[in-house]
>>> print(open('input.txt').read())   # compact mmCIF, N, CA and C atoms
# COMPACT_ATOMS: atom_id res chain seq x y z
N MET A 159 57.20 55.97 48.49
CA MET A 159 57.14 57.26 47.84
C MET A 159 56.58 57.05 46.42
N PRO A 160 55.50 57.72 46.06
CA PRO A 160 54.91 57.52 44.74
C PRO A 160 55.78 58.09 43.62
N TYR A 161 55.48 57.67 42.42
CA TYR A 161 56.27 58.08 41.26
C TYR A 161 56.39 59.59 41.11
N ILE A 162 55.35 60.34 41.48
CA ILE A 162 55.41 61.80 41.35
C ILE A 162 56.55 62.36 42.18
N GLU A 163 56.62 61.93 43.43
CA GLU A 163 57.67 62.42 44.33
C GLU A 163 59.06 61.96 43.87
N ILE A 164 59.15 60.75 43.37
CA ILE A 164 60.44 60.24 42.91
C ILE A 164 60.93 61.04 41.71
N ILE A 165 60.05 61.30 40.76
CA ILE A 165 60.44 62.08 39.58
C ILE A 165 60.83 63.50 39.98
N LYS A 166 60.06 64.12 40.87
CA LYS A 166 60.41 65.46 41.36
C LYS A 166 61.79 65.44 42.01
N GLN A 167 62.06 64.41 42.82
CA GLN A 167 63.33 64.30 43.51
C GLN A 167 64.48 64.15 42.51
N ILE A 168 64.30 63.34 41.49
CA ILE A 168 65.34 63.17 40.46
C ILE A 168 65.62 64.51 39.79
N ILE A 169 64.56 65.22 39.41
CA ILE A 169 64.73 66.50 38.72
C ILE A 169 65.49 67.49 39.59
N ILE A 170 65.15 67.55 40.87
CA ILE A 170 65.82 68.48 41.78
C ILE A 170 67.26 68.06 42.04
N GLU A 171 67.48 66.79 42.38
CA GLU A 171 68.82 66.32 42.72
C GLU A 171 69.78 66.39 41.54
N GLN A 172 69.27 66.15 40.34
CA GLN A 172 70.13 66.18 39.15
C GLN A 172 70.18 67.57 38.51
N ASN A 173 69.47 68.53 39.13
CA ASN A 173 69.42 69.91 38.64
C ASN A 173 68.97 69.95 37.18
N LEU A 174 67.85 69.28 36.90
CA LEU A 174 67.31 69.18 35.55
C LEU A 174 66.05 70.01 35.41
N THR A 175 65.78 70.43 34.19
CA THR A 175 64.46 70.99 33.88
C THR A 175 63.56 69.82 33.50
N GLN A 176 62.27 70.07 33.45
CA GLN A 176 61.36 69.02 32.97
C GLN A 176 61.74 68.63 31.55
N GLN A 177 62.12 69.61 30.74
CA GLN A 177 62.49 69.34 29.35
C GLN A 177 63.72 68.44 29.27
N LYS A 178 64.75 68.74 30.06
CA LYS A 178 65.97 67.93 30.03
C LYS A 178 65.68 66.51 30.52
N PHE A 179 64.89 66.37 31.59
CA PHE A 179 64.49 65.05 32.07
C PHE A 179 63.76 64.30 30.98
N ALA A 180 62.84 64.97 30.32
CA ALA A 180 62.07 64.35 29.23
C ALA A 180 63.00 63.89 28.11
N ASP A 181 63.95 64.73 27.75
CA ASP A 181 64.91 64.38 26.69
C ASP A 181 65.71 63.14 27.07
N ILE A 182 66.13 63.06 28.30
CA ILE A 182 66.95 61.94 28.76
C ILE A 182 66.19 60.62 28.67
N ILE A 183 64.91 60.63 29.01
CA ILE A 183 64.16 59.37 29.00
C ILE A 183 63.34 59.15 27.74
N GLY A 184 63.35 60.13 26.83
CA GLY A 184 62.73 59.93 25.53
C GLY A 184 61.24 60.20 25.44
N VAL A 185 60.76 61.17 26.21
CA VAL A 185 59.36 61.60 26.11
C VAL A 185 59.36 63.11 25.91
N ASN A 186 58.17 63.69 25.74
CA ASN A 186 58.13 65.14 25.63
C ASN A 186 57.85 65.77 26.99
N GLN A 187 58.11 67.06 27.08
CA GLN A 187 57.97 67.78 28.35
C GLN A 187 56.54 67.76 28.85
N THR A 188 55.57 67.80 27.95
CA THR A 188 54.16 67.77 28.34
C THR A 188 53.84 66.48 29.09
N THR A 189 54.41 65.38 28.65
CA THR A 189 54.20 64.10 29.32
C THR A 189 54.73 64.15 30.75
N VAL A 190 55.94 64.68 30.92
CA VAL A 190 56.52 64.79 32.26
C VAL A 190 55.64 65.68 33.14
N SER A 191 55.17 66.77 32.59
CA SER A 191 54.29 67.67 33.34
C SER A 191 53.02 66.94 33.78
N GLN A 192 52.44 66.13 32.90
CA GLN A 192 51.24 65.38 33.25
C GLN A 192 51.52 64.34 34.33
N TRP A 193 52.70 63.74 34.30
CA TRP A 193 53.08 62.81 35.38
C TRP A 193 53.12 63.55 36.71
N LEU A 194 53.78 64.72 36.70
CA LEU A 194 53.96 65.47 37.95
C LEU A 194 52.65 66.01 38.51
N MET A 195 51.65 66.18 37.65
CA MET A 195 50.33 66.62 38.11
C MET A 195 49.42 65.45 38.44
N GLY A 196 49.91 64.22 38.21
CA GLY A 196 49.11 63.04 38.50
C GLY A 196 48.06 62.73 37.45
N LYS A 197 48.14 63.36 36.29
CA LYS A 197 47.15 63.12 35.24
C LYS A 197 47.47 61.88 34.42
N LYS A 198 48.72 61.48 34.41
CA LYS A 198 49.17 60.29 33.70
C LYS A 198 50.20 59.57 34.56
N LYS A 199 50.41 58.29 34.24
CA LYS A 199 51.48 57.52 34.87
C LYS A 199 52.47 57.11 33.79
N PRO A 200 53.74 56.98 34.17
CA PRO A 200 54.72 56.54 33.17
C PRO A 200 54.39 55.15 32.66
N GLY A 201 54.57 54.95 31.36
CA GLY A 201 54.37 53.65 30.75
C GLY A 201 55.61 52.78 30.87
N TYR A 202 55.53 51.59 30.33
CA TYR A 202 56.61 50.60 30.43
C TYR A 202 57.94 51.16 29.93
N ASP A 203 57.95 51.74 28.73
CA ASP A 203 59.21 52.24 28.16
C ASP A 203 59.80 53.36 29.00
N SER A 204 58.95 54.22 29.54
CA SER A 204 59.43 55.32 30.38
C SER A 204 59.98 54.80 31.70
N ILE A 205 59.29 53.83 32.28
CA ILE A 205 59.76 53.23 33.53
C ILE A 205 61.12 52.59 33.31
N LYS A 206 61.25 51.88 32.21
CA LYS A 206 62.52 51.24 31.87
C LYS A 206 63.62 52.29 31.69
N ALA A 207 63.31 53.39 31.02
CA ALA A 207 64.30 54.45 30.81
C ALA A 207 64.70 55.11 32.12
N ILE A 208 63.73 55.35 33.00
CA ILE A 208 64.05 55.94 34.31
C ILE A 208 64.96 55.00 35.10
N TYR A 209 64.69 53.72 35.02
CA TYR A 209 65.54 52.73 35.70
C TYR A 209 66.97 52.77 35.13
N HIS A 210 67.09 52.72 33.82
CA HIS A 210 68.42 52.68 33.21
C HIS A 210 69.20 53.99 33.38
N GLN A 211 68.52 55.11 33.31
CA GLN A 211 69.21 56.40 33.39
C GLN A 211 69.48 56.87 34.82
N PHE A 212 68.57 56.50 35.75
CA PHE A 212 68.67 57.04 37.11
C PHE A 212 68.72 55.97 38.19
N GLY A 213 68.62 54.70 37.82
CA GLY A 213 68.76 53.61 38.78
C GLY A 213 67.57 53.42 39.70
N VAL A 214 66.41 53.95 39.34
CA VAL A 214 65.22 53.80 40.18
C VAL A 214 64.52 52.50 39.80
N GLU A 215 64.41 51.61 40.77
CA GLU A 215 63.75 50.32 40.53
C GLU A 215 62.29 50.54 40.15
N PRO A 216 61.79 49.85 39.14
CA PRO A 216 60.40 50.02 38.72
C PRO A 216 59.38 49.87 39.84
N ASN A 217 59.57 48.89 40.71
CA ASN A 217 58.61 48.70 41.81
C ASN A 217 58.57 49.91 42.73
N LEU A 218 59.70 50.54 42.92
CA LEU A 218 59.76 51.72 43.78
C LEU A 218 58.92 52.86 43.21
N LEU A 219 58.89 52.99 41.90
CA LEU A 219 58.09 54.05 41.29
C LEU A 219 56.61 53.96 41.64
N PHE A 220 56.14 52.75 41.89
CA PHE A 220 54.73 52.58 42.18
C PHE A 220 54.48 52.13 43.61
N GLY A 221 55.46 52.34 44.47
CA GLY A 221 55.26 52.10 45.88
C GLY A 221 55.18 50.65 46.29
N ILE A 222 55.70 49.76 45.46
CA ILE A 222 55.69 48.33 45.78
C ILE A 222 56.98 48.00 46.52
N GLU A 223 56.83 47.51 47.71
CA GLU A 223 58.00 47.16 48.53
C GLU A 223 58.48 45.77 48.21
>>> encode(input="input.txt", output="structure tokens")
Amino acid sequence: MPYIEIIKQIIIEQNLTQQKFADIIGVNQTTVSQWLMGKKKPGYDSIKAIYHQFGVEPNLLFGIE
């Protein structure tokens, strides 16, 4: 499952807005929106924050088994 689907799933399952998700991992809402549209990919610090806050393994975000 690519990072877009994983981030969407986290937002839905945790009942978060894009803004709240962004606040939790330390980016702005525009960045999250660009991730969800596939215009950008999360960087190292964001991947690390997603792992620490939501337990998603970094390799899983990019489809590496």
>>> atom_distance(input="input.txt", atom1="atom N of Gln211 (chain A)", atom2="CA of Ile165 (chain A)")
12.4 Å
>>> atom_distance(input="input.txt", atom1="CA of Gly213 (chain A)", atom2="CA of Ile168 (chain A)")
10.3 Å
>>> select_by_dssp(input="input.txt", residues="chain A", states="helix (DSSP H, G or I)", output="ChimeraX atom specification")
/A:161-171,176-183,187-194,202-212,216-219
>>> atom_distance(input="input.txt", atom1="atom C of Gln192 (chain A)", atom2="atom N of Lys166 (chain A)")
10.8 Å
>>> decode(input="input.txt", residues="region 163-204 of chain A", atoms="C-alpha atoms", output="short mmCIF file (atom, residue, chain, number, x, y, z; two decimals), in the first residue's frame")
data_model
loop_
_atom_site.label_atom_id
_atom_site.label_comp_id
_atom_site.auth_asym_id
_atom_site.auth_seq_id
_atom_site.Cartn_x
_atom_site.Cartn_y
_atom_site.Cartn_z
CA GLU A 163 -3.25 5.26 1.01
CA ILE A 164 -1.54 4.76 4.36
CA ILE A 165 -1.82 8.44 5.27
CA LYS A 166 -5.48 8.51 4.17
CA GLN A 167 -6.14 5.42 6.29
CA ILE A 168 -4.48 6.99 9.36
CA ILE A 169 -6.53 10.17 8.95
CA ILE A 170 -9.78 8.22 8.63
CA GLU A 171 -9.10 5.67 11.39
CA GLN A 172 -7.91 8.31 13.85
CA ASN A 173 -10.77 10.66 12.87
CA LEU A 174 -8.32 13.47 12.08
CA THR A 175 -8.44 16.43 9.77
CA GLN A 176 -5.50 17.06 7.47
CA GLN A 177 -4.64 20.00 9.73
CA LYS A 178 -4.65 17.90 12.91
CA PHE A 179 -2.54 15.19 11.22
CA ALA A 180 -0.12 17.88 10.05
CA ASP A 181 0.09 19.35 13.56
CA ILE A 182 0.83 15.94 15.07
CA ILE A 183 3.75 15.23 12.75
CA GLY A 184 5.04 18.80 12.54
CA VAL A 185 4.28 19.92 8.99
CA ASN A 186 1.71 22.29 7.53
CA GLN A 187 -1.64 21.25 6.08
CA THR A 188 -0.57 22.19 2.55
CA THR A 189 2.23 19.64 2.74
CA VAL A 190 -0.19 16.89 3.79
CA SER A 191 -2.52 17.87 0.95
CA GLN A 192 0.36 17.64 -1.54
CA TRP A 193 1.25 14.17 -0.22
CA LEU A 194 -2.35 13.01 -0.64
CA MET A 195 -2.42 14.32 -4.23
CA GLY A 196 0.90 12.62 -5.01
CA LYS A 197 2.67 15.91 -5.71
CA LYS A 198 5.21 15.40 -2.93
CA LYS A 199 6.52 12.54 -0.81
CA PRO A 200 7.16 12.72 2.92
CA GLY A 201 10.75 13.51 3.82
CA TYR A 202 12.92 11.81 6.42
CA ASP A 203 11.69 13.85 9.40
CA SER A 204 8.04 13.35 8.43
#
